>>> print(open('start01.tsv').read())   # TSV, C-alpha atoms
chain	number	residue	atom	x	y	z
A	1	MET	CA	99.33	120.83	136.05
A	2	GLN	CA	102.18	118.51	136.92
A	3	ARG	CA	104.68	118.18	134.09
A	4	THR	CA	106.81	115.25	132.99
A	5	TYR	CA	109.83	117.45	133.67
A	6	ASP	CA	108.91	117.81	137.37
A	7	ASN	CA	109.60	114.12	137.88
A	8	LEU	CA	112.64	114.08	135.61
A	9	LEU	CA	114.31	116.93	137.52
A	10	ASN	CA	113.36	115.50	140.92
A	11	ASP	CA	115.11	112.31	139.89
A	12	HIS	CA	118.19	114.33	138.92
A	13	ILE	CA	118.21	116.16	142.27
A	14	SER	CA	118.15	112.86	144.15
A	15	ARG	CA	120.93	111.23	142.12
A	16	TYR	CA	123.42	113.77	140.75
A	17	GLU	CA	125.53	116.66	141.98
A	18	GLN	CA	125.68	118.37	138.56
A	19	MET	CA	123.77	121.59	137.96
A	20	ILE	CA	120.49	121.36	136.07
A	21	PHE	CA	120.36	123.47	132.91
A	22	LEU	CA	116.68	123.78	131.99
A	23	ALA	CA	116.21	125.37	128.56
A	24	GLY	CA	113.14	125.97	126.43
A	25	PRO	CA	110.83	128.57	124.90
A	26	ARG	CA	109.33	131.46	126.81
A	27	GLN	CA	106.10	130.51	128.59
A	28	VAL	CA	106.72	126.76	128.31
A	29	GLY	CA	106.81	126.40	132.11
A	30	LYS	CA	110.52	126.35	133.03
A	31	THR	CA	110.26	128.60	136.09
A	32	THR	CA	107.15	126.78	137.30
A	33	THR	CA	108.94	123.45	136.89
A	34	ALA	CA	112.05	124.67	138.72
A	35	LYS	CA	110.02	126.02	141.64
A	36	SER	CA	107.92	122.84	141.74
A	37	VAL	CA	111.09	120.76	142.09
A	38	ALA	CA	112.35	123.09	144.82
A	39	GLU	CA	109.12	123.39	146.81
A	40	HIS	CA	109.87	120.41	149.06
A	41	THR	CA	113.01	122.03	150.46
A	42	GLN	CA	114.25	125.55	151.11
A	43	TYR	CA	115.16	127.42	147.96
A	44	LYS	CA	116.09	130.83	146.63
A	45	TYR	CA	115.03	132.22	143.27
A	46	LEU	CA	117.14	134.85	141.47
A	47	ASN	CA	116.16	136.28	138.08
A	48	TRP	CA	118.75	138.24	136.10
A	49	ASP	CA	115.96	140.35	134.56
A	50	ILE	CA	114.99	141.68	138.02
A	51	ARG	CA	117.24	144.57	139.03
A	52	ASP	CA	117.44	143.74	142.75
A	53	HIS	CA	118.20	140.10	141.95
A	54	ARG	CA	120.92	141.19	139.53
A	55	LYS	CA	122.63	143.19	142.28
A	56	ILE	CA	122.68	140.12	144.50
A	57	ILE	CA	124.18	137.96	141.73
A	58	LEU	CA	126.87	140.57	141.08
A	59	GLY	CA	127.73	140.76	144.78
A	60	LYS	CA	129.60	138.32	146.98
A	61	HIS	CA	128.80	134.62	146.79
A	62	GLU	CA	128.00	134.49	150.50
A	63	ASP	CA	125.33	137.16	149.97
A	64	ILE	CA	123.68	134.96	147.34
A	65	VAL	CA	123.25	132.00	149.70
A	66	THR	CA	122.14	134.01	152.71
A	67	THR	CA	118.83	132.66	154.14
A	68	LEU	CA	119.71	129.17	152.84
A	69	PRO	CA	120.64	126.67	155.61
A	70	ILE	CA	123.73	125.39	153.82
A	71	SER	CA	125.57	124.60	157.08
A	72	HIS	CA	122.67	122.83	158.82
A	73	LEU	CA	122.05	119.12	159.10
A	74	LYS	CA	119.15	118.37	156.77
A	75	THR	CA	117.50	115.56	154.84
A	76	LYS	CA	117.40	117.53	151.57
A	77	GLN	CA	119.86	120.09	150.32
A	78	PRO	CA	118.51	123.59	149.62
A	79	ILE	CA	118.18	124.69	146.01
A	80	ILE	CA	119.12	127.91	144.29
A	81	ILE	CA	117.48	128.82	140.98
A	82	PHE	CA	119.21	131.19	138.56
A	83	ASP	CA	116.75	132.36	135.90
A	84	GLU	CA	117.93	133.98	132.63
A	85	ILE	CA	121.46	134.30	134.01
A	86	HIS	CA	122.90	133.52	130.57
A	87	LYS	CA	122.27	137.19	129.75
A	88	TYR	CA	125.14	138.05	132.11
A	89	PRO	CA	128.30	138.27	129.94
A	90	GLU	CA	130.39	136.39	132.52
A	91	TRP	CA	127.74	133.82	133.38
A	92	LYS	CA	129.89	130.77	132.65
A	93	ASN	CA	132.75	131.97	134.85
A	94	PHE	CA	130.26	132.89	137.57
A	95	LEU	CA	128.54	129.49	137.57
A	96	LYS	CA	131.83	127.59	137.42
A	97	GLY	CA	133.13	129.34	140.53
A	98	PHE	CA	129.82	129.19	142.38
A	99	PHE	CA	129.29	125.50	141.63
A	100	ASP	CA	132.81	124.47	142.53
A	101	TYR	CA	132.51	126.17	145.92
A	102	TYR	CA	128.96	125.16	146.89
A	103	LYS	CA	128.36	121.85	145.07
A	104	ASP	CA	128.49	119.86	148.33
A	105	GLN	CA	126.10	122.20	150.14
A	106	LEU	CA	123.25	122.93	147.73
A	107	LYS	CA	121.69	122.09	144.36
A	108	ILE	CA	121.68	124.53	141.45
A	109	ILE	CA	119.05	124.93	138.74
A	110	VAL	CA	119.74	127.28	135.81
A	111	THR	CA	116.85	128.18	133.50
A	112	GLY	CA	116.80	130.16	130.28
A	113	SER	CA	114.49	130.99	127.39
A	114	ALA	CA	117.34	130.88	124.90
A	115	LYS	CA	119.62	127.95	124.23
A	116	LEU	CA	122.14	128.02	127.02
A	117	ASN	CA	125.00	127.12	124.68
A	118	ILE	CA	124.64	130.06	122.30
A	119	TYR	CA	126.42	132.60	124.46
A	120	LYS	CA	130.15	132.43	123.77
A	121	LYS	CA	131.46	135.20	126.02
A	122	GLY	CA	132.30	132.98	129.00
A	123	SER	CA	135.86	131.73	128.71
A	124	ASP	CA	135.77	128.80	131.16
A	125	SER	CA	134.15	125.54	130.19
A	126	LEU	CA	131.31	124.12	132.28
A	127	MET	CA	131.81	120.65	130.84
A	128	GLY	CA	130.99	117.98	133.40
A	129	ARG	CA	129.36	120.46	135.77
A	130	TYR	CA	125.80	120.34	134.39
A	131	PHE	CA	123.23	118.17	132.64
A	132	LEU	CA	120.99	119.79	130.04
A	133	TYR	CA	117.22	119.27	130.01
A	134	ARG	CA	115.03	120.78	127.29
A	135	GLU	CA	111.44	121.53	128.29
A	136	HIS	CA	108.89	121.20	125.50
A	137	PRO	CA	105.20	122.06	125.17
A	138	ILE	CA	102.57	119.66	126.51
A	139	SER	CA	102.09	116.62	124.29
A	140	VAL	CA	99.53	113.84	123.89
A	141	ALA	CA	101.52	111.41	126.06
A	142	GLU	CA	102.12	114.03	128.75
A	143	CYS	CA	98.38	114.63	129.02
A	144	LEU	CA	98.06	110.96	129.92
A	145	SER	CA	101.08	110.29	132.15
A	146	THR	CA	103.99	112.23	133.68
A	147	LYS	CA	105.92	109.26	135.03
A	148	ILE	CA	109.65	108.93	134.36
A	149	ARG	CA	110.27	106.60	131.44
A	150	SER	CA	112.70	103.70	131.86
A	151	SER	CA	112.40	102.98	128.14
A	152	GLU	CA	111.55	105.11	125.13
A	153	ILE	CA	108.17	103.65	124.23
A	154	ILE	CA	105.22	103.13	126.58
A	155	MET	CA	101.96	101.26	126.08
A	156	PRO	CA	99.20	103.25	124.36
A	157	GLN	CA	96.49	105.13	126.24
A	158	LYS	CA	93.40	106.80	124.88
A	159	ILE	CA	93.30	110.59	125.02
A	160	SER	CA	89.89	112.20	125.47
A	161	THR	CA	88.34	114.11	122.57
A	162	GLU	CA	88.36	117.28	124.69
A	163	LEU	CA	92.10	117.10	125.45
A	164	TRP	CA	92.91	116.27	121.82
A	165	GLU	CA	90.89	119.21	120.53
A	166	ASN	CA	92.39	121.58	123.10
A	167	LEU	CA	95.91	120.59	122.06
A	168	TRP	CA	95.04	121.03	118.40
A	169	GLN	CA	93.37	124.42	118.81
A	170	PHE	CA	95.38	126.09	121.57
A	171	GLY	CA	98.77	124.36	121.25
A	172	GLY	CA	100.89	122.80	123.97
A	173	PHE	CA	102.05	125.89	125.86
A	174	PRO	CA	100.55	125.59	129.36
A	175	ALA	CA	98.75	128.95	129.73
A	176	PRO	CA	96.51	128.86	126.63
A	177	PHE	CA	96.12	125.08	126.81
A	178	LEU	CA	94.81	125.24	130.38
A	179	LYS	CA	92.77	128.43	129.87
A	180	GLN	CA	90.98	127.16	126.75
A	181	GLN	CA	89.69	130.60	125.78
A	182	LYS	CA	90.12	132.04	122.32
A	183	THR	CA	90.31	135.65	123.53
A	184	PHE	CA	92.99	134.75	126.06
A	185	TYR	CA	94.85	132.75	123.40
A	186	ASN	CA	94.86	135.72	121.00
A	187	ARG	CA	96.15	138.15	123.64
A	188	TRP	CA	98.75	135.64	124.84
A	189	GLN	CA	100.02	135.14	121.29
A	190	ASN	CA	100.29	138.90	120.73
A	191	LEU	CA	102.29	139.34	123.94
A	192	LYS	CA	104.57	136.42	123.10
A	193	HIS	CA	105.22	137.91	119.67
A	194	GLU	CA	106.11	141.28	121.19
A	195	GLN	CA	108.48	139.68	123.69
A	196	LEU	CA	110.25	137.74	120.95
A	197	PHE	CA	110.78	140.64	118.54
A	198	ARG	CA	111.09	143.55	120.95
A	199	GLU	CA	113.12	141.92	123.73
A	200	ASP	CA	114.63	138.49	123.09
A	201	ILE	CA	116.10	139.10	119.64
A	202	GLN	CA	117.75	142.28	120.90
A	203	ASP	CA	119.34	140.34	123.77
A	204	ILE	CA	121.08	137.96	121.35
A	205	ASN	CA	121.68	139.92	118.15
A	206	LYS	CA	121.32	143.64	117.79
A	207	ILE	CA	119.06	143.27	114.77
A	208	SER	CA	117.93	146.70	113.63
A	209	GLU	CA	115.66	145.50	110.83
A	210	ILE	CA	113.06	144.06	113.20
A	211	SER	CA	110.20	144.48	110.73
A	212	GLN	CA	112.08	142.44	108.11
A	213	CYS	CA	112.91	139.76	110.66
A	214	GLU	CA	109.20	139.60	111.49
A	215	ILE	CA	108.47	139.08	107.78
A	216	LEU	CA	110.93	136.18	107.77
A	217	ALA	CA	109.18	134.64	110.79
A	218	GLU	CA	105.84	134.97	108.99
A	219	LEU	CA	107.26	133.28	105.89
A	220	LEU	CA	108.59	130.41	108.00
A	221	ARG	CA	105.14	130.03	109.53
A	222	GLU	CA	103.52	129.89	106.09
A	223	GLN	CA	106.12	127.40	104.84
A	224	ALA	CA	106.16	125.10	107.88
A	225	GLY	CA	107.31	121.64	106.88
A	226	GLN	CA	108.88	122.78	103.63
A	227	LEU	CA	112.51	122.88	102.62
A	228	ILE	CA	114.16	126.18	103.46
A	229	SER	CA	115.41	128.05	100.40
A	230	TYR	CA	117.67	130.73	101.83
A	231	SER	CA	118.03	132.50	98.47
A	232	SER	CA	114.26	132.59	97.95
A	233	LEU	CA	113.69	133.95	101.45
A	234	ALA	CA	116.43	136.53	100.90
A	235	ASN	CA	114.65	137.76	97.76
A	236	LYS	CA	111.31	138.02	99.54
A	237	VAL	CA	112.67	139.76	102.64
A	238	ARG	CA	115.13	141.82	100.56
A	239	VAL	CA	118.24	141.12	102.56
A	240	ALA	CA	121.38	139.12	101.83
A	241	ASP	CA	121.42	135.32	101.90
A	242	THR	CA	123.92	135.41	104.77
A	243	THR	CA	121.57	137.65	106.75
A	244	ILE	CA	118.68	135.20	106.29
A	245	ARG	CA	120.88	132.36	107.56
A	246	LYS	CA	121.84	134.42	110.60
A	247	TRP	CA	118.24	135.37	111.36
A	248	VAL	CA	116.95	131.79	110.95
A	249	SER	CA	119.66	130.67	113.38
A	250	THR	CA	118.57	133.36	115.83
A	251	LEU	CA	114.90	132.35	115.58
A	252	GLU	CA	115.90	128.74	116.12
A	253	SER	CA	117.99	129.70	119.16
A	254	LEU	CA	114.96	131.47	120.63
A	255	TYR	CA	112.71	128.45	120.08
A	256	TYR	CA	110.50	130.06	117.45
A	257	CYS	CA	111.32	127.28	115.01
A	258	PHE	CA	113.44	124.14	114.79
A	259	LEU	CA	115.22	122.65	111.79
A	260	ILE	CA	115.32	119.04	110.62
A	261	ARG	CA	118.12	118.05	108.27
A	262	PRO	CA	118.28	115.25	105.69
A	263	TRP	CA	119.64	111.81	106.50
A	264	LYS	CA	122.02	110.72	103.75
A	265	ASN	CA	123.75	107.58	105.03
A	266	ASN	CA	123.00	104.44	102.99
A	267	ILE	CA	120.57	106.35	100.75
A	268	ALA	CA	121.09	105.82	97.02
A	269	ARG	CA	121.08	109.15	95.17
A	270	SER	CA	120.49	110.98	98.42
A	271	LEU	CA	119.49	114.61	98.08
A	272	ILE	CA	121.87	116.55	100.31
A	273	LYS	CA	119.96	119.78	100.54
A	274	GLU	CA	118.64	122.39	102.94
A	275	PRO	CA	116.77	121.63	106.17
A	276	LYS	CA	113.04	121.69	106.74
A	277	SER	CA	111.63	124.14	109.27
A	278	TYR	CA	108.84	123.65	111.82
A	279	LEU	CA	107.35	125.89	114.51
A	280	TRP	CA	107.45	125.04	118.21
A	281	ASP	CA	103.83	126.24	118.38
A	282	TRP	CA	101.75	124.32	115.83
A	283	SER	CA	98.58	126.23	116.77
A	284	ARG	CA	99.77	129.25	114.75
A	285	ILE	CA	99.77	127.38	111.43
A	286	LYS	CA	96.74	127.99	109.22
A	287	ASP	CA	97.10	125.35	106.50
A	288	TYR	CA	95.51	122.12	107.76
A	289	GLY	CA	97.96	119.68	106.17
A	290	ALA	CA	101.00	121.68	107.29
A	291	LYS	CA	99.56	121.95	110.80
A	292	VAL	CA	99.05	118.18	110.98
A	293	GLU	CA	102.67	117.53	109.97
A	294	ASN	CA	103.97	120.19	112.36
A	295	PHE	CA	101.87	118.73	115.21
A	296	VAL	CA	103.59	115.36	114.77
A	297	ALA	CA	107.00	117.00	114.23
A	298	VAL	CA	106.80	118.77	117.61
A	299	HIS	CA	105.94	115.50	119.33
A	300	LEU	CA	108.86	113.69	117.70
A	301	HIS	CA	111.22	116.57	118.46
A	302	LYS	CA	110.17	116.45	122.11
A	303	ALA	CA	110.65	112.69	122.23
A	304	VAL	CA	114.20	112.67	120.84
A	305	ASN	CA	115.24	115.51	123.17
A	306	TYR	CA	113.64	113.88	126.23
A	307	TRP	CA	115.10	110.43	125.56
A	308	THR	CA	118.55	111.96	125.08
A	309	ASP	CA	118.30	114.23	128.15
A	310	ALA	CA	117.05	111.31	130.29
A	311	GLY	CA	120.17	109.31	129.40
A	312	LEU	CA	118.45	106.58	127.39
A	313	GLY	CA	120.82	107.06	124.45
A	314	GLU	CA	121.46	109.57	121.68
A	315	TYR	CA	118.43	110.27	119.51
A	316	LYS	CA	118.04	112.60	116.54
A	317	LEU	CA	115.36	113.58	114.06
A	318	TYR	CA	115.85	113.72	110.27
A	319	TYR	CA	113.88	113.56	107.03
A	320	LEU	CA	114.59	111.48	103.91
A	321	ARG	CA	114.59	112.63	100.29
A	322	ASP	CA	116.37	111.48	97.13
A	323	LYS	CA	116.92	112.93	93.66
A	324	HIS	CA	113.83	111.14	92.36
A	325	LYS	CA	111.83	113.24	94.87
A	326	ARG	CA	110.90	110.23	96.96
A	327	GLU	CA	110.51	111.49	100.50
A	328	VAL	CA	109.61	110.37	104.00
A	329	ASP	CA	108.67	113.05	106.51
A	330	PHE	CA	110.69	111.85	109.51
A	331	LEU	CA	113.39	109.44	110.58
A	332	VAL	CA	114.26	108.93	114.24
A	333	THR	CA	117.76	107.57	114.81
A	334	LYS	CA	118.97	105.83	117.94
A	335	ASN	CA	122.69	105.98	118.63
A	336	ALA	CA	123.29	107.02	114.99
A	337	THR	CA	121.30	104.04	113.65
A	338	PRO	CA	117.94	104.38	111.79
A	339	TRP	CA	115.17	103.33	114.16
A	340	ILE	CA	111.72	104.71	113.23
A	341	LEU	CA	110.46	105.86	109.82
A	342	ILE	CA	107.36	108.07	109.93
A	343	GLU	CA	105.21	109.43	107.12
A	344	VAL	CA	102.37	111.74	108.20
A	345	LYS	CA	99.01	111.92	106.43
A	346	ALA	CA	95.94	113.93	107.34
A	347	SER	CA	93.57	111.17	106.15
A	348	LYS	CA	93.34	107.49	107.00
A	349	ASN	CA	92.14	106.87	103.43
A	350	GLU	CA	95.57	107.58	101.95
A	351	HIS	CA	97.34	104.48	100.62
A	352	LEU	CA	100.57	103.43	102.28
A	353	SER	CA	103.31	105.60	100.82
A	354	LYS	CA	105.59	103.72	98.42
A	355	SER	CA	108.51	105.70	99.78
A	356	LEU	CA	108.28	103.91	103.13
A	357	PRO	CA	109.18	100.38	101.93
A	358	HIS	CA	111.63	101.88	99.41
A	359	PHE	CA	113.71	103.59	102.08
A	360	GLN	CA	113.13	100.77	104.56
A	361	GLN	CA	115.00	98.40	102.24
A	362	GLN	CA	117.99	100.75	102.25
A	363	ILE	CA	118.30	101.82	105.87
A	364	HIS	CA	116.61	98.87	107.68
A	365	ALA	CA	114.75	100.94	110.27
A	366	GLU	CA	113.16	98.75	112.91
A	367	HIS	CA	109.75	100.47	112.81
A	368	VAL	CA	107.91	101.94	109.81
A	369	PHE	CA	104.66	103.88	110.22
A	370	GLN	CA	102.28	105.98	108.22
A	371	VAL	CA	100.58	108.09	110.88
A	372	ALA	CA	96.98	108.96	109.98
A	373	PHE	CA	95.78	112.04	111.83
A	374	ASP	CA	92.01	111.47	111.49
A	375	MET	CA	92.10	107.76	112.35
A	376	GLU	CA	90.35	106.79	115.57
A	377	TYR	CA	92.36	105.48	118.50
A	378	ILE	CA	93.12	101.74	118.47
A	379	ASP	CA	94.19	100.10	121.72
A	380	ARG	CA	97.17	98.25	120.32
A	381	ASP	CA	100.91	98.71	120.64
A	382	CYS	CA	102.09	100.24	117.35
A	383	PHE	CA	105.65	99.15	118.05
A	384	ALA	CA	104.68	95.48	118.22
A	385	ILE	CA	103.95	95.60	114.47
A	386	ARG	CA	106.90	94.40	112.41
A	387	GLN	CA	105.89	95.59	108.94
A	388	PRO	CA	105.03	99.02	107.49
A	389	ALA	CA	101.61	99.96	108.82
A	390	ILE	CA	99.06	102.77	108.87
A	391	VAL	CA	98.47	103.73	112.51
A	392	PRO	CA	96.31	106.34	114.29
A	393	ALA	CA	98.08	109.51	115.41
A	394	LYS	CA	96.17	109.25	118.70
A	395	THR	CA	97.69	105.82	119.37
A	396	PHE	CA	101.20	106.47	118.05
A	397	LEU	CA	101.70	109.81	119.82
A	398	SER	CA	100.40	108.44	123.13
A	399	GLN	CA	103.33	106.00	123.12
A	400	LEU	CA	106.02	108.70	122.99
A	401	VAL	CA	106.55	111.27	125.75
>>> encode(input="start01.tsv", output="structure tokens")
Amino acid sequence: MQRTYDNLLNDHISRYEQMIFLAGPRQVGKTTTAKSVAEHTQYKYLNWDIRDHRKIILGKHEDIVTTLPISHLKTKQPIIIFDEIHKYPEWKNFLKGFFDYYKDQLKIIVTGSAKLNIYKKGSDSLMGRYFLYREHPISVAECLSTKIRSSEIIMPQKISTELWENLWQFGGFPAPFLKQQKTFYNRWQNLKHEQLFREDIQDINKISEISQCEILAELLREQAGQLISYSSLANKVRVADTTIRKWVSTLESLYYCFLIRPWKNNIARSLIKEPKSYLWDWSRIKDYGAKVENFVAVHLHKAVNYWTDAGLGEYKLYYLRDKHKREVDFLVTKNATPWILIEVKASKNEHLSKSLPHFQQQIHAEHVFQVAFDMEYIDRDCFAIRQPAIVPAKTFLSQLV
């Protein structure tokens, strides 16, 4: 299927000279997206994990660009794709030199299944030489439209029951979502698990206690949406608190989970505490209520990353909680200013949370929603409502990205 990121990267190629850094989880579609962007011109694909490709990368620069018509008159510049090159200890120095020499002759796309800023071994800065794009799983809005967004919010569209159920059951990673087979999904999940704990973690941190790290990952899955207690996790896994912090950071870097921290500005008796953790793949969560919250969290996380990467502003995702245990699940900020307050409920029969107007009075967010997961789609712009309101998840999520 065509992805939103295909159009976003094509727009970059037509407008900017900077390299594209395309980051995201394994199996989210980065390589497919990169090749889709490059298919309308001549391109070369080099993967650091392939031995023959590695030899080419480690050779002379002119050997890398052989077969590419960099000296020919052409309507579109050729593209070179470097996949997983961040595993090369000198990758930053390599890309800096390669980009500086060839930036006027070709376009460069760099993809990686770990955050491209976690590797510190390169000594030269790449600042100003690349733009970062973070590819996320398929979302409700992406099922409906893949057009480039000139503004954050679009008008609502109705998602079919089949697409909604497929997203809920199989998650937003392209292979299981498109296959729609439980047996395939189970085998895909097992393989993804093996790759994470037998390959990826070893590439970043030489963690010897893999079985204990797997236990931590399982605990994070069971506690999705809850505050992280590092000391409690340390007791359960039987390692030091500092080790748990290191392992959680590693799992976050490899896109197993993502953390949301508390917003404390302008909050009376704000509770400055630990972050909440969510999985990138909501389909793996068993508890219904936790899965509902995680489903919405992934959509909001994708939205703030996309809006930021597309240059619409700086967007971040937080939660709110005070010492009286009043809490709101999510706060989206725009350019460091509270913008959207979101409380998530599984049922439309839940009363409007009292925490929403309470925090709204303090931070003055422009939009305040209680998102009801089981509420039927309503063909109305949620963001045209100017008071706290209960809205359908199917409507609200279709207006994001």
>>> residues_around(input="start01.tsv", residues="Ile267 of chain A", least_positions_apart="3", cutoff="10 Å", atoms="all atoms listed in the file", output="ChimeraX atom specification")
/A:263-264,270-271,320-322,359,361-363
>>> closest_residue(input="start01.tsv", among="A:Lys302, A:His136, A:His367, A:Lys87", to="Ala114 of chain A", atoms="all atoms listed in the file")
A:Lys87
>>> closest_residue(input="start01.tsv", among="A:Ile108, A:Leu116, A:Ile70, A:Met127", to="Tyr255 of chain A", atoms="only C-alpha atoms")
A:Leu116
>>> closest_atom_pairs(input="start01.tsv", of="segment 344-373 of chain A", to="segment 287-290 of chain A", cutoff="12 Å", atoms="only C-alpha atoms", output="Markdown table")
| residue | atom | partner | partner_atom | distance |
| --- | --- | --- | --- | --- |
| A:Val344 | CA | A:Gly289 | CA | 9.3 |
| A:Lys345 | CA | A:Gly289 | CA | 7.8 |
| A:Ala346 | CA | A:Gly289 | CA | 6.2 |
| A:Ser347 | CA | A:Gly289 | CA | 9.6 |
| A:Ala372 | CA | A:Gly289 | CA | 11.4 |
| A:Phe373 | CA | A:Gly289 | CA | 9.8 |
>>> closest_residue(input="start01.tsv", among="A:Ser355, A:Gln202, A:Asn190, A:Gln27", to="Phe330 of chain A", atoms="all atoms listed in the file")
A:Ser355
>>> axis_aligned_box(input="start01.tsv", around="segment 216-227 of chain A", padding_each_side="8 Å", output="AutoDock Vina command-line options")
--center_x 108.0 --center_y 128.9 --center_z 106.7 --size_x 25.0 --size_y 30.5 --size_z 24.2
>>> residues_around(input="start01.tsv", residues="segment 48-57 of chain A", least_positions_apart="2", cutoff="7 Å", atoms="all atoms listed in the file", output="list of chain:residue names")
A:Leu46, A:Gly59, A:Asp63, A:Ile64, A:Asp83, A:Glu84, A:Ile85
>>> residues_around(input="start01.tsv", residues="Thr33 of chain A", least_positions_apart="5", cutoff="12 Å", atoms="only C-alpha atoms", output="PyMOL selection string")
chain A and resi 1-10+20+22-24+27-28+38-39+81+83+109-111+133-136+174
>>> residues_around(input="start01.tsv", residues="segment 208-225 of chain A", least_positions_apart="5", cutoff="9 Å", atoms="only C-alpha atoms", output="number ranges by chain")
A: 197-198, 201-202, 233-234, 236-239, 244, 247-248, 251, 256-257, 276-279, 284-287, 290-291, 293-294, 297, 329
>>> atom_distance(input="start01.tsv", atom1="atom CA of Leu400 of chain A", atom2="atom CA of Trp339 of chain A")
13.8 Å
>>> atom_distance(input="start01.tsv", atom1="atom CA of Val401 of chain A", atom2="atom CA of Ser36 of chain A")
19.8 Å
>>> atom_distance(input="start01.tsv", atom1="atom CA of Lys74 of chain A", atom2="atom CA of Asp309 of chain A")
28.9 Å
>>> closest_residue(input="start01.tsv", among="A:Gln18, A:Thr67, A:Ser139, A:Gln360", to="Trp280 of chain A", atoms="only C-alpha atoms")
A:Ser139
>>> build_atoms(input="start01.tsv", residues="segment 380-391 of chain A", atoms="N, CA, C and O atoms", output="mmCIF file, in the coordinates of the input")
data_model
loop_
_atom_site.group_PDB
_atom_site.id
_atom_site.type_symbol
_atom_site.label_atom_id
_atom_site.label_comp_id
_atom_site.auth_asym_id
_atom_site.auth_seq_id
_atom_site.Cartn_x
_atom_site.Cartn_y
_atom_site.Cartn_z
ATOM 1 N N ARG A 380 96.186 99.265 120.686
ATOM 2 C CA ARG A 380 97.170 98.250 120.320
ATOM 3 C C ARG A 380 98.533 98.911 120.228
ATOM 4 O O ARG A 380 98.657 100.045 119.752
ATOM 5 N N ASP A 381 99.544 98.211 120.665
ATOM 6 C CA ASP A 381 100.910 98.710 120.640
ATOM 7 C C ASP A 381 101.405 98.813 119.196
ATOM 8 O O ASP A 381 101.621 97.803 118.537
ATOM 9 N N CYS A 382 101.601 100.040 118.722
ATOM 10 C CA CYS A 382 102.090 100.240 117.350
ATOM 11 C C CYS A 382 103.453 99.586 117.151
ATOM 12 O O CYS A 382 103.749 99.056 116.071
ATOM 13 N N PHE A 383 104.275 99.601 118.180
ATOM 14 C CA PHE A 383 105.650 99.150 118.050
ATOM 15 C C PHE A 383 105.797 97.632 118.124
ATOM 16 O O PHE A 383 106.906 97.105 118.011
ATOM 17 N N ALA A 384 104.660 96.939 118.293
ATOM 18 C CA ALA A 384 104.680 95.480 118.220
ATOM 19 C C ALA A 384 104.501 95.004 116.779
ATOM 20 O O ALA A 384 104.691 93.822 116.481
ATOM 21 N N ILE A 385 104.153 95.930 115.887
ATOM 22 C CA ILE A 385 103.950 95.600 114.470
ATOM 23 C C ILE A 385 105.301 95.590 113.778
ATOM 24 O O ILE A 385 106.094 96.528 113.921
ATOM 25 N N ARG A 386 105.574 94.571 113.007
ATOM 26 C CA ARG A 386 106.900 94.400 112.410
ATOM 27 C C ARG A 386 106.934 94.637 110.904
ATOM 28 O O ARG A 386 107.905 94.305 110.244
ATOM 29 N N GLN A 387 105.879 95.231 110.345
ATOM 30 C CA GLN A 387 105.890 95.590 108.940
ATOM 31 C C GLN A 387 105.330 96.991 108.797
ATOM 32 O O GLN A 387 104.676 97.488 109.715
ATOM 33 N N PRO A 388 105.592 97.671 107.682
ATOM 34 C CA PRO A 388 105.030 99.020 107.490
ATOM 35 C C PRO A 388 103.521 99.011 107.688
ATOM 36 O O PRO A 388 102.817 98.152 107.160
ATOM 37 N N ALA A 389 103.031 99.965 108.479
ATOM 38 C CA ALA A 389 101.610 99.960 108.820
ATOM 39 C C ALA A 389 101.068 101.369 108.950
ATOM 40 O O ALA A 389 101.798 102.304 109.309
ATOM 41 N N ILE A 390 99.780 101.523 108.645
ATOM 42 C CA ILE A 390 99.060 102.770 108.870
ATOM 43 C C ILE A 390 98.502 102.730 110.285
ATOM 44 O O ILE A 390 97.773 101.802 110.646
ATOM 45 N N VAL A 391 98.863 103.726 111.093
ATOM 46 C CA VAL A 391 98.470 103.730 112.510
ATOM 47 C C VAL A 391 97.830 105.057 112.866
ATOM 48 O O VAL A 391 98.117 106.089 112.250
#
